[in-house]
Amino acid sequence: MAKGHRSQIKRERNAQKDTRPTAKLSYARVSVQKACFVLDAIRGKDVQTALGIVTYNPRYASTLIEKLLKSAIANAENNNGMDPANLYVEECFANKGPTMKRVKPRAQGRAYRIEKRMSHLTIVLNER
């Protein structure tokens, strides 16, 4: 347990806070595996190149990630005062979300379970 006055504890906690611009999309209706194909393609690239990759990528996840990347760029520009020309994708990852379970009827009275997976997508930018 931390010692000291409450305001001092809060000050110390806020000093350790990550100030990099981020954008997060929770409960995206795309599986982690499918989202990671697109995220792996843009990791480490500058934002202009990353936007070009996701714009012309035929996967469904790329439309979600394009919107998320534009949001992260806007956050960096407006909240942190960073220049969009110097930004690059430092981190991007997909975490597992909840799974919707559905039932599909099959032959001879059987039922197969269909799992509709969700994910939480995160993009973290930084300046070069």
# chains A, B, ... in the order shown; residues from 1 in each chain; ligands from 1

call {"tool": "closest_atom_pairs", "arguments": {"of": "range 47-92 of chain A", "to": "range 37-42 of chain A", "cutoff": "7 Å", "atoms": "only C-alpha atoms", "output": "CSV"}}
result
residue,atom,partner,partner_atom,distance
A:Ala50,CA,A:Ile42,CA,5.1
A:Ala61,CA,A:Val38,CA,7.0
A:Ser62,CA,A:Val38,CA,6.2
A:Cys92,CA,A:Leu39,CA,6.2

call {"tool": "write_last_selection", "arguments": {"atoms": "N, CA and C atoms", "output": "PDB file, in the first residue's frame"}}
result
ATOM      1  N   ALA A  50       1.013   3.582 -43.480  1.00  0.00           N
ATOM      2  CA  ALA A  50       0.027   2.713 -42.827  1.00  0.00           C
ATOM      3  C   ALA A  50      -1.377   2.983 -43.363  1.00  0.00           C
ATOM      4  N   ALA A  61     -11.310  -6.250 -41.688  1.00  0.00           N
ATOM      5  CA  ALA A  61     -10.684  -5.627 -40.524  1.00  0.00           C
ATOM      6  C   ALA A  61      -9.974  -4.330 -40.903  1.00  0.00           C
ATOM      7  N   SER A  62      -9.539  -4.202 -42.149  1.00  0.00           N
ATOM      8  CA  SER A  62      -8.793  -3.011 -42.553  1.00  0.00           C
ATOM      9  C   SER A  62      -9.661  -1.757 -42.523  1.00  0.00           C
ATOM     10  N   CYS A  92       0.580  -1.771 -32.076  1.00  0.00           N
ATOM     11  CA  CYS A  92      -0.810  -2.052 -32.445  1.00  0.00           C
ATOM     12  C   CYS A  92      -1.062  -3.522 -32.137  1.00  0.00           C
TER      13      CYS A  92
END

call {"tool": "residues_around", "arguments": {"residues": "Gly44 in chain A", "least_positions_apart": "3", "cutoff": "7 Å", "atoms": "only C-alpha atoms", "output": "list of chain:residue names"}}
result
A:Tyr88, A:Val89, A:Glu90

call {"tool": "write_last_selection", "arguments": {"atoms": "N, CA and C atoms", "output": "compact mmCIF listing (two decimals), in the first residue's frame"}}
result
# COMPACT_ATOMS: atom_id res chain seq x y z
N TYR A 88 4.52 7.71 -36.29
CA TYR A 88 4.59 6.34 -36.79
C TYR A 88 3.83 5.43 -35.82
N VAL A 89 3.47 4.25 -36.29
CA VAL A 89 2.72 3.29 -35.48
C VAL A 89 3.72 2.54 -34.61
N GLU A 90 3.75 2.89 -33.32
CA GLU A 90 4.70 2.24 -32.41
C GLU A 90 4.20 0.88 -31.96

call {"tool": "atom_distance", "arguments": {"atom1": "CA of Pro98 in chain A", "atom2": "CA of Ser31 in chain A"}}
result
10.2 Å

call {"tool": "closest_residue", "arguments": {"among": "A:Ile123, A:Gly109, A:Ser71, A:Lys24", "to": "Arg43 in chain A", "atoms": "only C-alpha atoms"}}
result
A:Ile123

call {"tool": "residues_around", "arguments": {"residues": "Leu64 in chain A", "least_positions_apart": "3", "cutoff": "12 Å", "atoms": "only C-alpha atoms", "output": "PyMOL selection string"}}
result
chain A and resi 23-30+34-35+38-39+51+54-55+57-61+67-71+119-123

call {"tool": "select_by_dssp", "arguments": {"residues": "chain A", "states": "alpha helix (DSSP H)", "output": "count of residues only"}}
result
49

call {"tool": "atom_distance", "arguments": {"atom1": "CA of Lys45 in chain A", "atom2": "CA of Arg117 in chain A"}}
result
27.7 Å

call {"tool": "residues_around", "arguments": {"residues": "Lys104 in chain A", "least_positions_apart": "6", "cutoff": "8 Å", "atoms": "only C-alpha atoms", "output": "list in words"}}
result
Ala111, Tyr112, Arg113 and Ile114 of chain A

call {"tool": "closest_residue", "arguments": {"among": "A:Val47, A:Ile65, A:Met118, A:Val103", "to": "Asp83 in chain A", "atoms": "only C-alpha atoms"}}
result
A:Val47

call {"tool": "select_by_dssp", "arguments": {"residues": "chain A", "states": "strand (DSSP E)", "output": "MDAnalysis selection string"}}
result
chainID A and resid 22:28 87:105 111:127

call {"tool": "residues_around", "arguments": {"residues": "Asn86 in chain A", "least_positions_apart": "3", "cutoff": "9 Å", "atoms": "only C-alpha atoms", "output": "number ranges by chain"}}
result
A: 46-47, 82-83, 126-128

call {"tool": "closest_residue", "arguments": {"among": "A:Met100, A:Ile9, A:Ala76, A:Ile53", "to": "Leu125 in chain A", "atoms": "only C-alpha atoms"}}
result
A:Ala76

call {"tool": "atom_distance", "arguments": {"atom1": "CA of Val32 in chain A", "atom2": "CA of Arg20 in chain A"}}
result
23.5 Å

call {"tool": "closest_residue", "arguments": {"among": "A:Arg106, A:Thr99, A:Pro21, A:Asn14", "to": "Asn78 in chain A", "atoms": "only C-alpha atoms"}}
result
A:Pro21

call {"tool": "closest_residue", "arguments": {"among": "A:Lys10, A:Gln108, A:Gly4, A:Thr22", "to": "Ala74 in chain A", "atoms": "only C-alpha atoms"}}
result
A:Thr22
